[in-house]
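First up is the structure itself, then whatever we jot down about it.
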Amino acid sequence: MTRRRQIYEGKAKILYEGPEPGTIIQYFKDDATAFNAEKKGTINGKGVINNRISEYVFTRLSHIGIPTHFVRRLNMREQLVRQVEIVPVEVIVRNVAAGSICKRLGLEEGQPLPHTLIEYCYKDDALGDPLIAEEHISCFGWATQEEMQDISSMAIRINDFMCGLFSGIGIRLIDFKLEFGRLFDGDFSRIILADEISPDGCRLWDMETNEKLDKDRFRRDLGGEVEAYQEVARRLGLVQDQSANEVLDLDSHRKKREPK
Ligand code: UDP
């Protein structure tokens with residue numbers, strides 16, 4: 001059996017060469033990192049849940065006309081995606097003050113922002129993903145102004161859709177991170193949504209109790225990480241009610257059967 005070629009290993013995912021040119025397999029790991037990888041850990045079953053949640057959100061987004069890299073889920077931990085050139089800019093959308101913006105601007109966590117904010121960070125681990133202005137992006141050629149138009153308008157549409165999606169299941173979408181990529185077609189390229197959308201890169205609070213259902217449980221040592229991620233999946237209708245562990249059980253079952 002031939003071993004497939006690994007293209008890249010990130011903090012939470014591994015990318016493998018896909019079955020056809022222009023495709024990639026995205027493998028979701030259980031590894032969790034925070035504070036620019038100073039804190040490391042494992043959240044058992046996280047990869048399985050994030051694979052499902054991201055599949056669901058990307059599919060719903062494609063139904064409202066957002067172009068995405070997602071092709072199809074292959075198994076419990078893998079999805080087939082289109083190969084893109086990642087724009088080295090993290091797009092942060094904020095509805096409510098939390099996390100780094102509170103420290104930076106002295107805001108109280110949980111304070112609704114006067115309007116939705118989009119922030120940009122330069123994607124560079126060695127520099128700790130510094131906050132940048134839109135001017136830096138065109139100045140250093142990370143994306144053109146036309147591409148940034150597409151990115152910002154898609155980010156707003158995605159936020160509107162996701163706010164509704166989550167409020168329908170009793171969850172407040174506080175903030176989240178998006179990544180975009182260039183899909184090439186001959187000499188031309190267009191911007192599409194890439195990476196993942198999961199509780200790893202979103203802040204999701206229960207509407208009634210303000211309980212955190214996202215990676216802040218890991219960042220802040222609150223415990224119950226898997227249960228929180230599972231709760232999001234359950235409310236989205238991706239896990240059967242009777243067995244909160246079903247996703248994980250299926251995964252361990254598959255691991256036993258699948259050759260390495
Ligand atoms: N985020 C992310 N990856 C990053 C930075 C941020 O997924 O490298 C997400 C994070 O989960 C949160 C939002 O973007 O939902 C805003 O994060 P923030 O800037 O507050 O950074 P943090 O407080 O997580 O350091």
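How things are named: the first chain in the structure tokens is A, the next is B, and so on; residues count from 1 in each chain; ligands count from 1 in the order shown.
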Determine, for each residue of chain A having at least one atom at most 6 Å from an atom of ligand 1, the closest pair of atoms and their separation in Å to one decimal, counting only C-alpha atoms and all ligand atoms; order by chain and ascending number, as JSON lines.
```
{"residue": "A:Phe35", "atom": "CA", "partner": "ligand 1", "partner_atom_place_in_ligand_line": "25 (O)", "distance": 5.9}
{"residue": "A:Ile92", "atom": "CA", "partner": "ligand 1", "partner_atom_place_in_ligand_line": "14 (O)", "distance": 5.4}
{"residue": "A:Ala98", "atom": "CA", "partner": "ligand 1", "partner_atom_place_in_ligand_line": "20 (O)", "distance": 5.7}
{"residue": "A:Gly99", "atom": "CA", "partner": "ligand 1", "partner_atom_place_in_ligand_line": "23 (O)", "distance": 3.4}
{"residue": "A:Ser100", "atom": "CA", "partner": "ligand 1", "partner_atom_place_in_ligand_line": "20 (O)", "distance": 3.8}
{"residue": "A:Ile101", "atom": "CA", "partner": "ligand 1", "partner_atom_place_in_ligand_line": "20 (O)", "distance": 5.8}
{"residue": "A:Asp175", "atom": "CA", "partner": "ligand 1", "partner_atom_place_in_ligand_line": "15 (O)", "distance": 4.8}
{"residue": "A:Phe176", "atom": "CA", "partner": "ligand 1", "partner_atom_place_in_ligand_line": "15 (O)", "distance": 3.9}
{"residue": "A:Lys177", "atom": "CA", "partner": "ligand 1", "partner_atom_place_in_ligand_line": "14 (O)", "distance": 4.2}
{"residue": "A:Asp200", "atom": "CA", "partner": "ligand 1", "partner_atom_place_in_ligand_line": "11 (O)", "distance": 5.7}
{"residue": "A:Gly201", "atom": "CA", "partner": "ligand 1", "partner_atom_place_in_ligand_line": "7 (O)", "distance": 3.2}
{"residue": "A:Cys202", "atom": "CA", "partner": "ligand 1", "partner_atom_place_in_ligand_line": "15 (O)", "distance": 3.6}
{"residue": "A:Arg203", "atom": "CA", "partner": "ligand 1", "partner_atom_place_in_ligand_line": "15 (O)", "distance": 4.3}
```
Sort by chain and increasing residue number a table of all residues of region 61-173 of chain A within 10 Å of region 12-16 of chain A, each with its closest pair of atoms and their distance in Å to one decimal, counting only C-alpha atoms, and write it as CSV.
```
residue,atom,partner,partner_atom,distance
A:Arg77,CA,A:Lys13,CA,9.7
A:Glu78,CA,A:Ile14,CA,9.4
A:Gln79,CA,A:Leu15,CA,9.9
A:Leu80,CA,A:Tyr16,CA,9.6
A:Val81,CA,A:Leu15,CA,9.8
```
- [ ] Give me every strand (DSSP E or B) residue in region 54-226 of chain A, going by DSSP on the backbone, as number ranges by chain.
- [x] A: 68, 70-73, 78-82, 85-86, 89-96, 112-122, 131-132, 171-185, 188-194, 202-206, 212
Open item on the list: Using only C-alpha atoms, which protein or nucleic acid residues come within 12 Å of region 214-223 of chain A? Drop anything in the same chain fewer than 4 positions from it, and give the result as an MDAnalysis selection string.
Closed with: chainID A and resid 31:43 46 49:50 98:100 171:176 197:206 210 227:233
- [ ] Write out as a PyMOL selection string each polymer residue whose atoms come within 10 Å of Trp142 (chain A), counting only C-alpha atoms; drop sequence neighbours fewer than 4 positions from it.
- [x] chain A and resi 86-89+122+136-138+147-148
Open item on the list: Give me the residues near Ile192 (chain A) as number ranges by chain, where near means some atom within 6 Å (using only C-alpha atoms) and where sequence neighbours in that chain fewer than 6 positions away do not count.
Closed with: A: 67-68, 180-181
